[in-house]
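Working notes, beginning with the structure itself.
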Amino acid sequence: MTVLVNLYATVRELPALDFEHTLLGQRDRTDPELMPHLHGFMGYVMQGGERQMTASLFHVIQHVERVQHHVSVEIEEAAFDGLANWALSANAVLFLPDGSVRDPVGHMLVDPQTGESSPDAHVPYPADAVERKQRFDTQIAARGIPVAPGLPPIVSALEVVPRSAADVLHRACSLLVCAIRAESLASGDPIPAQDLKARVPEAFVALAPSEHAFLDDETPEQQAVVNHAWRYECVWLLEWALGLVDALPFPAEICDVPRTASTLIDADRSALLRSAALRPAEALLDAADHHFRLHWAVREARRQGLTPPEGLEPGVIAERHYALNWLLRFQNADWDDVDTPT
């Protein structure tokens, strides 16, 4: 008996389909129809919003958001063992004709009637992502900071497609001029946006809509000034990602603002654009996983009406988490739309 199986794989490079099958269709992120299909699939999983979000459904939705390849095959039932091995290597979930979503070995992730998962089902994560989660859970606990065991791993090195080094440099420059403008407004001696453009023209190549609005506003609201001043922390994070600063200290205090500004202001930015390179993906993912879990600890303390764990600066963590999620294309969001769920 043949079975139609739709496969949703998150790895960047799809493994060879080395199991007995008949290929019906295959597409990746270059196909403009894939993203609408995935949005429809997420709607199916949540029954158009009728289902209450659970931990298992949340993990399935996160998996679908990361899908980079959709493959449709027909296979004989006897070929399912080979399919399972392939699905594990591709970090794929299965959608079967009965309407169920299954993990790589066939356990029920989403029952089509109830939305529930079976106790033995597991949303797949690549091994490096699991190891990274376990490592930072251990490190955070060793500092006496609460750990959330239920927080999932983040994206894997096998899945991630970071922003380009040039995009990161332009983003850092945009953030910097907005932070400088905010600092000058707060001091009562505002620096005109045109002066900043003359000094750092690279900053105006890729301004986000919110940054355009802020720089165009002669008298922005106080909260906007505060928000943009905090972006020095994002600049520092992106300078670290580009290797322009040596270390990313534990987020216990705010960054060295004069150094953060001078690193880009005094640099030969034209030369940097020609030679800029990001740190290895593993280093970027380490930072993202670490701050994801620290951000949960800060938010959980706030939820309980407690002070943040000792040794953590909540504003620094929030800004770094935001910049890292943009850098690693979390939910493929543009700058103004980045989310930092925990």
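Residues are named by chain letter and number: chains run A, B, ... in the order of the structure tokens, numbers start at 1 in each chain, and ligands are numbered from 1 in the order shown.
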Ser262 in chain A surroundings by only C-alpha atoms, 12 Å radius, close-in-sequence under 6 positions cut, as a list in words: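 In the requested format, the answer is Cys173, Leu176, Val177, Ile180, Val200, Tyr232, Val235, Trp236, Glu239, Leu244, Val245, Asp256, Asp268 and Arg269 of chain A.
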Report as a ChimeraX atom specification all protein, DNA and RNA residues lying within 12 Å of Asp337 in chain A, evaluated on only C-alpha atoms, omitting residues in the same chain fewer than 2 positions from it. /A:208-210,322-323,325-326,329-335,339-340
Counting only C-alpha atoms, what are the residues of range 54-132 of chain A within 12 Å of range 282-298 of chain A, and for each of them which pair of atoms is the nearest and at what distance in Å, to one decimal? Sort the table by chain and rising number, as JSON lines.
```
{"residue": "A:Asp128", "atom": "CA", "partner": "A:Glu282", "partner_atom": "CA", "distance": 9.1}
{"residue": "A:Ala129", "atom": "CA", "partner": "A:Leu285", "partner_atom": "CA", "distance": 8.7}
{"residue": "A:Val130", "atom": "CA", "partner": "A:Asp289", "partner_atom": "CA", "distance": 10.5}
{"residue": "A:Glu131", "atom": "CA", "partner": "A:Asp286", "partner_atom": "CA", "distance": 10.5}
{"residue": "A:Arg132", "atom": "CA", "partner": "A:Asp286", "partner_atom": "CA", "distance": 6.9}
```
Convert the current residue selection to file output with all heavy atoms, as a PDB file, in the first residue's frame.
```
ATOM      1  N   ASP A 128      23.205  19.666  17.607  1.00  0.00           N
ATOM      2  CA  ASP A 128      23.986  20.796  18.120  1.00  0.00           C
ATOM      3  C   ASP A 128      23.100  21.781  18.867  1.00  0.00           C
ATOM      4  O   ASP A 128      23.528  22.404  19.844  1.00  0.00           O
ATOM      5  CB  ASP A 128      24.742  21.498  16.989  1.00  0.00           C
ATOM      6  CG  ASP A 128      23.838  22.292  16.058  1.00  0.00           C
ATOM      7  OD1 ASP A 128      22.936  21.679  15.459  1.00  0.00           O
ATOM      8  OD2 ASP A 128      24.036  23.511  15.923  1.00  0.00           O
ATOM      9  N   ALA A 129      21.833  21.921  18.443  1.00  0.00           N
ATOM     10  CA  ALA A 129      20.918  22.821  19.137  1.00  0.00           C
ATOM     11  C   ALA A 129      20.571  22.277  20.519  1.00  0.00           C
ATOM     12  O   ALA A 129      20.481  23.037  21.491  1.00  0.00           O
ATOM     13  CB  ALA A 129      19.650  23.013  18.306  1.00  0.00           C
ATOM     14  N   VAL A 130      20.382  20.969  20.612  1.00  0.00           N
ATOM     15  CA  VAL A 130      20.080  20.345  21.899  1.00  0.00           C
ATOM     16  C   VAL A 130      21.269  20.484  22.846  1.00  0.00           C
ATOM     17  O   VAL A 130      21.122  20.826  24.025  1.00  0.00           O
ATOM     18  CB  VAL A 130      19.705  18.870  21.700  1.00  0.00           C
ATOM     19  CG1 VAL A 130      19.514  18.174  23.049  1.00  0.00           C
ATOM     20  CG2 VAL A 130      18.440  18.743  20.852  1.00  0.00           C
ATOM     21  N   GLU A 131      22.468  20.241  22.320  1.00  0.00           N
ATOM     22  CA  GLU A 131      23.674  20.359  23.148  1.00  0.00           C
ATOM     23  C   GLU A 131      23.850  21.782  23.649  1.00  0.00           C
ATOM     24  O   GLU A 131      24.213  22.018  24.805  1.00  0.00           O
ATOM     25  CB  GLU A 131      24.900  19.934  22.331  1.00  0.00           C
ATOM     26  CG  GLU A 131      26.226  19.961  23.093  1.00  0.00           C
ATOM     27  CD  GLU A 131      26.865  21.339  23.202  1.00  0.00           C
ATOM     28  OE1 GLU A 131      26.670  22.170  22.272  1.00  0.00           O
ATOM     29  OE2 GLU A 131      27.533  21.613  24.222  1.00  0.00           O
ATOM     30  N   ARG A 132      23.556  22.753  22.779  1.00  0.00           N
ATOM     31  CA  ARG A 132      23.711  24.162  23.156  1.00  0.00           C
ATOM     32  C   ARG A 132      22.747  24.525  24.281  1.00  0.00           C
ATOM     33  O   ARG A 132      23.125  25.191  25.247  1.00  0.00           O
ATOM     34  CB  ARG A 132      23.476  25.033  21.916  1.00  0.00           C
ATOM     35  CG  ARG A 132      23.755  26.503  22.125  1.00  0.00           C
ATOM     36  CD  ARG A 132      23.682  27.260  20.799  1.00  0.00           C
ATOM     37  NE  ARG A 132      24.816  26.926  19.941  1.00  0.00           N
ATOM     38  CZ  ARG A 132      24.747  26.188  18.849  1.00  0.00           C
ATOM     39  NH1 ARG A 132      23.588  25.700  18.441  1.00  0.00           N
ATOM     40  NH2 ARG A 132      25.829  25.931  18.146  1.00  0.00           N
TER      41      ARG A 132
END
```
Would you list, as a VMD selection string, the residues of range 19-185 of chain A that end up in helix (DSSP H, G or I) under DSSP run on this structure's backbone? chain A and resid 34 to 45 47 to 49 55 to 66 77 to 90 127 to 142 165 to 185
DSSP strand (DSSP E) selection over range 34-192 of chain A, as a VMD selection string: chain A and resid 69 to 76 92 to 95 101 to 102 108 to 110
So which residues touch His69 in chain A within 12 Å, counting only C-alpha atoms, skipping near sequence neighbours fewer than 4 positions away, as a ChimeraX atom specification? /A:6-15,25-31,33-35,37-38,63-65,87,90-93,159
In Å and to one decimal, CA of Ser100 in chain A is distant from CA of Gly40 in chain A by 15.0 Å
Just the number, please: distance in Å from CA of Val225 in chain A to CA of Gly315 in chain A, one decimal.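 That distance, rounded to one decimal, is 14.7 Å.
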